[in-house]
Amino acid sequence: MSALKINKGAMSHSAYELRDPNLNVIEKHTLAVIVDNEAGVLARVIGLFSGRGYNIESLTVAEIDHTGHRSRITVVTTGTPAVIVQIKAQLGRIVPVHEVHDLTVEGPSVERELALFKVAGQGDQRVEALRLADIFRANVVDSTLQSFVFEITGTPEKIDAFAELMRPLGLEEVARTGVAALARGRK
Amino acid sequence: MARQMTGAKMVVQALRDQGVDTIFGYPGGAVLPIYDEIFQQNDIRHILVRHEQGAVHAAEGYARSTGKPGVVLVTSGPGATNAVTGLTDALMDSIPIVVLTGQVPTFMIGTDGFQEADTIGITRPCTKHNWLVKDTDKLADVLHQAFHVAKSGRPGPVLVDIPKDVQFATGEYIAPKAARVSHYQPQVKGAIEAITDLAAAMEKAERPIFYTGGGVINSGPEASRLLRELVSATGFPITSTLMGLGAYPASGAAWLGMLGMHGLYEANMAMHDCDLMINIGARFDDRITGRLDAFSPGSRKAHIDIDPSSINKVIPVDIPIIGDVAHVLADLLEVWKKRGGNTRKEALSKWWTQIDAWRKIDCLSYANSDKLIKPQYALQRLEALTKGHDRYICTEVGQHQMWAAQYLTFEDPNRWMTSGGLGTMGYGFPASIGVQMAHPDALVINVAGEASWLMNMQEMGTAMQYRLPVKQFILNNERLGMVRQWQQLLHGERYSQSWSESLPDFVKLAEAFGAKGIICKDPADLDDAIMEMINHDGPVIFDCLVEKHENCFPMIPSGKPHNEMLLGNASTKDAIQAGGAVLV
């Protein structure tokens, strides 16, 4: 499918949705929203989701262009195909929004999330945690005699799986960044 | 050329450079520097309202009747929060307005200062966009951007929040031409492939209908002109939403009247049975569609809208065209004519025969009385006696609004100001003030219900102060008529809180403000009383005592499709099933 690059007020999206918009399946989509990095812009995006009853599964935001004052908001959302199309159109209407990309339909993309896990334990549990961390290519970024802090990067599923394994081994705290995603390069 | 000036002066200069001649406002602590500048100039007229909500509705009336953005200036805190209803109203009806609010000084923001409110946070969901300006050097640019955003694409309200220290400080003023070019440039030209698809569909259609809305009026006079040309060239029937009345003349041969919940029988039946629906600048509002899964089941649907999010929002369409109505209609006419300008003449004539049969139902007929004034009769007389005037009509919200839409006729756009999307009681009176300001010599009438009218009656002071001869035509049934109607039809005739107790004597009320009051309760006196109202040079409150229990028909009950309308003479008992009661 050709790249869906929605410029301000452009028409190349909802109008040409080819699937049946009344399909009652819930899909998960990853959207990348390029915005002016100005006060309140995140509140506008979040307010749109809460005000119109859309779901947010994960959300990350950071400035990506310091000179151009642009931020990239990555939202993972769920909804029927019609709702997803509406979400994109509604996002496109927000004045400081420059582009809306639906990475789920625009072609292959990569998604990564970073997480920190604090695991406390003694003896065998500690060794086992370290061994599993190695398998998951998690790094130890802090250690005491009672605990480790692991840093792990991967897909949300990989991080979920790591959390499952750490839970019986003394998992104390988790911090996750939410998903960052990019379309793959052109071949 | 860049010039140094205070923020307060910049506000006035920017308004002047944007061509603003009138603003509606109310002073307060956080906007005093701007008011000081307003005092020292004569280019911009400031209308002092009596409540900030009135200022916004007046600006809406001004905007709707002129096509130019309306401008409001209010203070921080309560000034801003009182503007919220008007902002939401303007957002729902796509009315371009620019609201300027004062704010506590930047160093006090967040300290719960006196008259501090998070104006930007509160108005974020009820504006197209809003700005908090913390730097005087950026103020002029933001003000110009604000006008650009309010007017561009689908118009709407914007708000600029200006802290008091920013108004006092000096900065660089830039003229509109020197302002940053906004990346916000909605597309106005429709895709030619889609327009060609529509032209082809028009050639094949046997039962076509134009369904037009407020977008035609927002697009400007050229859009209405092109619409008229298109309708007369094709001979297709045309109906309109509440917001779109006047874009096509009510005297036009192809006019079916308004559609929707209280729309005309022929309009709704034609929508239900058509095979090609051409939506021009309307948004498939729930007052229009009725039950979604039974909405015009056999038709192909084309939708022309400048807002991409309107497309497929509630009704999936076959031919979506994103663009400005005037641009798209110009292209459509050209493409369709180039292809030969063909229609299915025989099929169309059969379609018109069917429509004429529906028209014969005469859905607006009602049982008149020679003892009581029927509200429908009052409006018919108002129509007959004001038809020839340079006339603008505003309304409040409720039964009277629907009757006004049914019984008054509009030949031109921008002549009809009503709160459609939000349904704001209290809209009409201040709106009529805004309209009269823009059109000082016109006959401006606000068709009101007594309950709606009381919601912003303080604006009588404004009308008197500025000698605005607005006519308040109140259909007084001593009831919240539409609420009462729904309680009768849906809630077992339990009339909970839906009557107007302790009403004022409207004639004395008018006199208390120094205006003229007229009361009329006998149909035989009505014409003379209306003439007295028209001929009085000044504001009039016309207390028209009407039948108290008249219901507004036709009506598509909640949860019903278009072809199951209730007509006035039909039995309404059990017409609405229990499921319909949960819908509004």
# chains A, B, ... in the order shown; residues from 1 in each chain; ligands from 1
>>> residues_around(residues="stretch 465-479 of chain B", least_positions_apart="2", cutoff="6 Å", atoms="only C-alpha atoms", output="short mmCIF file (atom, residue, chain, number, x, y, z; two decimals) with C-alpha atoms, in the first residue's frame")
data_model
loop_
_atom_site.label_atom_id
_atom_site.label_comp_id
_atom_site.auth_asym_id
_atom_site.auth_seq_id
_atom_site.Cartn_x
_atom_site.Cartn_y
_atom_site.Cartn_z
CA VAL B 444 -34.26 41.95 12.65
CA ILE B 445 -36.72 39.64 14.37
CA ASN B 446 -35.96 37.08 17.04
CA VAL B 447 -38.65 34.41 17.05
CA ALA B 448 -38.55 33.18 20.63
CA GLY B 449 -40.23 31.08 23.23
CA GLU B 450 -40.81 32.74 26.57
CA THR B 462 -27.73 46.38 25.35
CA ALA B 463 -30.50 46.77 22.78
CA GLY B 481 -43.04 23.48 24.69
CA SER B 498 -41.90 21.92 31.97
CA TRP B 499 -44.13 24.90 32.60
CA SER B 500 -43.10 28.53 32.99
CA GLY B 538 -36.93 50.77 18.55
CA PRO B 539 -36.73 47.48 20.40
CA VAL B 540 -40.03 45.70 20.92
CA ILE B 541 -41.01 42.79 23.12
CA PHE B 542 -44.00 41.17 21.48
CA ASP B 543 -45.79 38.86 23.91
CA CYS B 544 -47.82 36.61 21.64
CA LEU B 545 -50.01 34.41 23.83
CA VAL B 546 -50.49 31.21 21.88
CA LYS B 548 -50.49 26.21 25.24
#
>>> select_by_dssp(residues="chain A", states="helix (DSSP H, G or I)", output="ChimeraX atom specification")
/A:14-16,41-51,81-93,123-135,156-169
>>> closest_residue(among="B:Val20, B:Leu230, B:Val314, B:Ile304", to="B:Asp286", atoms="only C-alpha atoms")
B:Val314
>>> interface_residues(of="chain B", to="chain A", cutoff="9 Å", atoms="only C-alpha atoms", output="mmCIF file with N, CA and C atoms, in the first residue's frame")
data_model
loop_
_atom_site.group_PDB
_atom_site.id
_atom_site.type_symbol
_atom_site.label_atom_id
_atom_site.label_comp_id
_atom_site.auth_asym_id
_atom_site.auth_seq_id
_atom_site.Cartn_x
_atom_site.Cartn_y
_atom_site.Cartn_z
ATOM 1 N N ILE B 120 -7.391 28.290 28.846
ATOM 2 C CA ILE B 120 -6.960 27.461 27.718
ATOM 3 C C ILE B 120 -7.407 26.018 27.922
ATOM 4 N N GLY B 121 -7.263 25.523 29.146
ATOM 5 C CA GLY B 121 -7.690 24.153 29.430
ATOM 6 C C GLY B 121 -9.196 23.991 29.293
ATOM 7 N N ARG B 124 -10.235 24.366 25.488
ATOM 8 C CA ARG B 124 -9.566 23.540 24.471
ATOM 9 C C ARG B 124 -10.561 22.682 23.689
ATOM 10 N N PRO B 125 -11.477 21.992 24.373
ATOM 11 C CA PRO B 125 -12.402 21.162 23.586
ATOM 12 C C PRO B 125 -13.543 21.938 22.930
ATOM 13 N N LYS B 128 -11.757 25.704 17.943
ATOM 14 C CA LYS B 128 -10.969 25.066 16.886
ATOM 15 C C LYS B 128 -9.521 25.036 17.321
ATOM 16 N N HIS B 129 -9.088 26.150 17.915
ATOM 17 C CA HIS B 129 -7.749 26.221 18.465
ATOM 18 C C HIS B 129 -7.708 27.379 19.447
ATOM 19 N N TRP B 131 -4.868 29.873 22.094
ATOM 20 C CA TRP B 131 -3.479 30.235 22.354
ATOM 21 C C TRP B 131 -3.387 30.987 23.680
ATOM 22 N N LEU B 132 -2.367 30.692 24.456
ATOM 23 C CA LEU B 132 -2.002 31.532 25.592
ATOM 24 C C LEU B 132 -0.741 32.267 25.162
ATOM 25 N N VAL B 149 -7.160 30.902 11.338
ATOM 26 C CA VAL B 149 -7.728 29.597 11.704
ATOM 27 C C VAL B 149 -9.257 29.681 11.792
ATOM 28 N N GLY B 153 -10.877 26.727 6.135
ATOM 29 C CA GLY B 153 -11.450 25.390 6.188
ATOM 30 C C GLY B 153 -12.853 25.450 6.744
ATOM 31 N N HIS B 183 0.881 26.652 8.538
ATOM 32 C CA HIS B 183 0.823 25.387 7.791
ATOM 33 C C HIS B 183 -0.611 24.893 7.722
ATOM 34 N N TYR B 184 -1.508 25.568 8.460
ATOM 35 C CA TYR B 184 -2.915 25.161 8.466
ATOM 36 C C TYR B 184 -3.600 25.732 7.228
ATOM 37 N N GLN B 185 -3.629 24.954 6.174
ATOM 38 C CA GLN B 185 -4.210 25.393 4.896
ATOM 39 C C GLN B 185 -5.116 24.282 4.370
ATOM 40 N N PRO B 186 -6.347 24.184 4.882
ATOM 41 C CA PRO B 186 -7.215 23.097 4.418
ATOM 42 C C PRO B 186 -7.460 23.176 2.917
ATOM 43 N N GLN B 187 -7.587 21.997 2.361
ATOM 44 C CA GLN B 187 -7.753 21.886 0.916
ATOM 45 C C GLN B 187 -9.135 22.378 0.502
ATOM 46 N N VAL B 188 -9.184 23.190 -0.551
ATOM 47 C CA VAL B 188 -10.472 23.705 -1.006
ATOM 48 C C VAL B 188 -10.940 23.075 -2.318
ATOM 49 N N GLY B 190 -11.765 20.048 -4.713
ATOM 50 C CA GLY B 190 -12.083 18.625 -4.601
ATOM 51 C C GLY B 190 -11.337 17.817 -5.643
ATOM 52 N N ALA B 191 -11.178 16.521 -5.375
ATOM 53 C CA ALA B 191 -10.502 15.643 -6.340
ATOM 54 C C ALA B 191 -11.371 15.511 -7.591
ATOM 55 N N ILE B 306 -15.774 20.142 3.547
ATOM 56 C CA ILE B 306 -14.401 20.623 3.647
ATOM 57 C C ILE B 306 -13.645 19.945 4.784
ATOM 58 N N ASP B 307 -14.403 19.294 5.668
ATOM 59 C CA ASP B 307 -13.789 18.665 6.841
ATOM 60 C C ASP B 307 -13.684 17.154 6.623
ATOM 61 N N PRO B 308 -12.455 16.628 6.452
ATOM 62 C CA PRO B 308 -12.317 15.192 6.184
ATOM 63 C C PRO B 308 -12.944 14.324 7.270
ATOM 64 N N SER B 309 -13.019 14.832 8.499
ATOM 65 C CA SER B 309 -13.559 13.992 9.573
ATOM 66 C C SER B 309 -15.083 13.880 9.502
ATOM 67 N N SER B 310 -15.708 14.696 8.654
ATOM 68 C CA SER B 310 -17.167 14.559 8.489
ATOM 69 C C SER B 310 -17.510 13.379 7.586
ATOM 70 N N ILE B 311 -16.556 13.011 6.742
ATOM 71 C CA ILE B 311 -16.811 11.944 5.763
ATOM 72 C C ILE B 311 -16.814 10.596 6.491
ATOM 73 N N ASN B 312 -17.872 9.827 6.253
ATOM 74 C CA ASN B 312 -18.003 8.488 6.842
ATOM 75 C C ASN B 312 -18.060 8.507 8.367
ATOM 76 N N LYS B 313 -18.363 9.649 8.962
ATOM 77 C CA LYS B 313 -18.415 9.697 10.424
ATOM 78 C C LYS B 313 -19.599 8.900 10.947
ATOM 79 N N PRO B 316 -21.781 5.883 5.958
ATOM 80 C CA PRO B 316 -20.773 5.599 4.928
ATOM 81 C C PRO B 316 -21.259 6.121 3.580
ATOM 82 N N VAL B 317 -20.380 6.784 2.849
ATOM 83 C CA VAL B 317 -20.793 7.336 1.559
ATOM 84 C C VAL B 317 -20.008 6.690 0.426
ATOM 85 N N ASP B 318 -20.598 6.773 -0.771
ATOM 86 C CA ASP B 318 -19.989 6.136 -1.939
ATOM 87 C C ASP B 318 -19.058 7.080 -2.676
ATOM 88 N N ILE B 319 -19.425 8.371 -2.718
ATOM 89 C CA ILE B 319 -18.605 9.338 -3.450
ATOM 90 C C ILE B 319 -18.240 10.478 -2.501
ATOM 91 N N PRO B 320 -17.116 10.343 -1.802
ATOM 92 C CA PRO B 320 -16.708 11.434 -0.915
ATOM 93 C C PRO B 320 -15.909 12.471 -1.680
ATOM 94 N N ILE B 321 -16.219 13.743 -1.447
ATOM 95 C CA ILE B 321 -15.460 14.816 -2.092
ATOM 96 C C ILE B 321 -15.064 15.808 -1.005
ATOM 97 N N ILE B 322 -13.762 15.901 -0.740
ATOM 98 C CA ILE B 322 -13.302 16.826 0.293
ATOM 99 C C ILE B 322 -12.898 18.129 -0.361
ATOM 100 N N GLY B 323 -13.602 19.202 0.010
ATOM 101 C CA GLY B 323 -13.271 20.491 -0.555
ATOM 102 C C GLY B 323 -14.317 21.523 -0.171
#
>>> select_by_dssp(residues="stretch 126-186 of chain A", states="strand (DSSP E or B)", output="MDAnalysis selection string")
chainID A and resid 139:143 147:154 171:176 180:183
>>> closest_residue(among="A:Ala115, A:Val174, A:Val35, A:Val110", to="A:Ala138", atoms="only C-alpha atoms")
A:Ala115
>>> residues_around(residues="stretch 40-49 of chain B", least_positions_apart="3", cutoff="6 Å", atoms="only C-alpha atoms", output="PDB file with N, CA and C atoms, in the first residue's frame")
ATOM      1  N   ASP B  21     -14.750  45.938  12.542  1.00  0.00           N
ATOM      2  CA  ASP B  21     -15.370  47.237  12.834  1.00  0.00           C
ATOM      3  C   ASP B  21     -16.156  47.223  14.138  1.00  0.00           C
ATOM      4  N   THR B  22     -16.506  46.015  14.597  1.00  0.00           N
ATOM      5  CA  THR B  22     -17.360  45.912  15.776  1.00  0.00           C
ATOM      6  C   THR B  22     -16.847  44.783  16.666  1.00  0.00           C
ATOM      7  N   ILE B  23     -16.784  45.033  17.978  1.00  0.00           N
ATOM      8  CA  ILE B  23     -16.510  43.923  18.889  1.00  0.00           C
ATOM      9  C   ILE B  23     -17.534  43.948  20.015  1.00  0.00           C
ATOM     10  N   PHE B  24     -17.784  42.783  20.565  1.00  0.00           N
ATOM     11  CA  PHE B  24     -18.756  42.639  21.640  1.00  0.00           C
ATOM     12  C   PHE B  24     -17.999  42.231  22.886  1.00  0.00           C
ATOM     13  N   GLY B  25     -18.226  42.911  23.994  1.00  0.00           N
ATOM     14  CA  GLY B  25     -17.423  42.557  25.150  1.00  0.00           C
ATOM     15  C   GLY B  25     -17.931  43.090  26.455  1.00  0.00           C
ATOM     16  N   TYR B  26     -17.115  42.815  27.468  1.00  0.00           N
ATOM     17  CA  TYR B  26     -17.436  43.213  28.835  1.00  0.00           C
ATOM     18  C   TYR B  26     -16.112  43.366  29.564  1.00  0.00           C
ATOM     19  N   GLU B  37      -7.115  51.187  25.599  1.00  0.00           N
ATOM     20  CA  GLU B  37      -6.791  51.466  24.193  1.00  0.00           C
ATOM     21  C   GLU B  37      -8.065  51.646  23.369  1.00  0.00           C
ATOM     22  N   ALA B  55     -22.319  38.239  24.658  1.00  0.00           N
ATOM     23  CA  ALA B  55     -21.301  38.765  23.741  1.00  0.00           C
ATOM     24  C   ALA B  55     -20.967  37.743  22.663  1.00  0.00           C
ATOM     25  N   THR B 462     -28.616  46.148  26.499  1.00  0.00           N
ATOM     26  CA  THR B 462     -27.730  46.380  25.352  1.00  0.00           C
ATOM     27  C   THR B 462     -28.526  46.955  24.177  1.00  0.00           C
TER      28      THR B 462
END
>>> residues_around(residues="B:Leu348", least_positions_apart="2", cutoff="12 Å", atoms="only C-alpha atoms", output="VMD selection string")
chain B and resid 202 to 209 234 to 237 254 274 to 276 342 to 346 350 to 355
>>> decode(residues="stretch 452-470 of chain B", atoms="N, CA and C atoms", output="PDB file, in the first residue's frame")
ATOM      1  N   SER B 452     -36.907  30.305  26.620  1.00  0.00           N
ATOM      2  CA  SER B 452     -35.599  30.587  26.025  1.00  0.00           C
ATOM      3  C   SER B 452     -35.239  32.053  26.188  1.00  0.00           C
ATOM      4  N   TRP B 453     -36.225  32.894  25.915  1.00  0.00           N
ATOM      5  CA  TRP B 453     -35.945  34.325  25.874  1.00  0.00           C
ATOM      6  C   TRP B 453     -35.470  34.834  27.236  1.00  0.00           C
ATOM      7  N   LEU B 454     -36.071  34.271  28.294  1.00  0.00           N
ATOM      8  CA  LEU B 454     -35.694  34.713  29.642  1.00  0.00           C
ATOM      9  C   LEU B 454     -34.239  34.378  29.968  1.00  0.00           C
ATOM     10  N   MET B 455     -33.666  33.407  29.252  1.00  0.00           N
ATOM     11  CA  MET B 455     -32.304  32.988  29.581  1.00  0.00           C
ATOM     12  C   MET B 455     -31.254  34.067  29.308  1.00  0.00           C
ATOM     13  N   ASN B 456     -31.533  34.977  28.369  1.00  0.00           N
ATOM     14  CA  ASN B 456     -30.583  36.067  28.139  1.00  0.00           C
ATOM     15  C   ASN B 456     -31.289  37.410  28.029  1.00  0.00           C
ATOM     16  N   MET B 457     -32.359  37.563  28.812  1.00  0.00           N
ATOM     17  CA  MET B 457     -33.173  38.780  28.714  1.00  0.00           C
ATOM     18  C   MET B 457     -32.425  40.024  29.181  1.00  0.00           C
ATOM     19  N   GLN B 458     -31.313  39.835  29.912  1.00  0.00           N
ATOM     20  CA  GLN B 458     -30.560  41.007  30.379  1.00  0.00           C
ATOM     21  C   GLN B 458     -30.061  41.845  29.206  1.00  0.00           C
ATOM     22  N   GLU B 459     -30.003  41.256  28.011  1.00  0.00           N
ATOM     23  CA  GLU B 459     -29.494  41.990  26.848  1.00  0.00           C
ATOM     24  C   GLU B 459     -30.458  43.069  26.359  1.00  0.00           C
ATOM     25  N   MET B 460     -31.649  43.169  26.988  1.00  0.00           N
ATOM     26  CA  MET B 460     -32.525  44.315  26.695  1.00  0.00           C
ATOM     27  C   MET B 460     -31.768  45.616  26.941  1.00  0.00           C
ATOM     28  N   GLY B 461     -30.919  45.594  27.961  1.00  0.00           N
ATOM     29  CA  GLY B 461     -30.124  46.788  28.269  1.00  0.00           C
ATOM     30  C   GLY B 461     -29.222  47.158  27.106  1.00  0.00           C
ATOM     31  N   THR B 462     -28.616  46.148  26.499  1.00  0.00           N
ATOM     32  CA  THR B 462     -27.730  46.380  25.352  1.00  0.00           C
ATOM     33  C   THR B 462     -28.526  46.955  24.177  1.00  0.00           C
ATOM     34  N   ALA B 463     -29.677  46.317  23.904  1.00  0.00           N
ATOM     35  CA  ALA B 463     -30.504  46.774  22.780  1.00  0.00           C
ATOM     36  C   ALA B 463     -30.895  48.236  22.977  1.00  0.00           C
ATOM     37  N   MET B 464     -31.243  48.593  24.213  1.00  0.00           N
ATOM     38  CA  MET B 464     -31.639  49.975  24.480  1.00  0.00           C
ATOM     39  C   MET B 464     -30.456  50.926  24.348  1.00  0.00           C
ATOM     40  N   GLN B 465     -29.333  50.538  24.938  1.00  0.00           N
ATOM     41  CA  GLN B 465     -28.174  51.432  24.957  1.00  0.00           C
ATOM     42  C   GLN B 465     -27.738  51.814  23.548  1.00  0.00           C
ATOM     43  N   TYR B 466     -27.743  50.835  22.651  1.00  0.00           N
ATOM     44  CA  TYR B 466     -27.240  51.095  21.292  1.00  0.00           C
ATOM     45  C   TYR B 466     -28.388  51.355  20.308  1.00  0.00           C
ATOM     46  N   ARG B 467     -29.600  51.558  20.836  1.00  0.00           N
ATOM     47  CA  ARG B 467     -30.793  51.865  20.020  1.00  0.00           C
ATOM     48  C   ARG B 467     -30.945  50.853  18.882  1.00  0.00           C
ATOM     49  N   LEU B 468     -30.855  49.588  19.233  1.00  0.00           N
ATOM     50  CA  LEU B 468     -30.970  48.532  18.222  1.00  0.00           C
ATOM     51  C   LEU B 468     -32.429  48.087  18.182  1.00  0.00           C
ATOM     52  N   PRO B 469     -33.114  48.357  17.071  1.00  0.00           N
ATOM     53  CA  PRO B 469     -34.564  48.118  17.043  1.00  0.00           C
ATOM     54  C   PRO B 469     -34.924  46.649  16.823  1.00  0.00           C
ATOM     55  N   VAL B 470     -34.344  45.765  17.605  1.00  0.00           N
ATOM     56  CA  VAL B 470     -34.602  44.327  17.432  1.00  0.00           C
ATOM     57  C   VAL B 470     -36.008  43.993  17.920  1.00  0.00           C
TER      58      VAL B 470
END
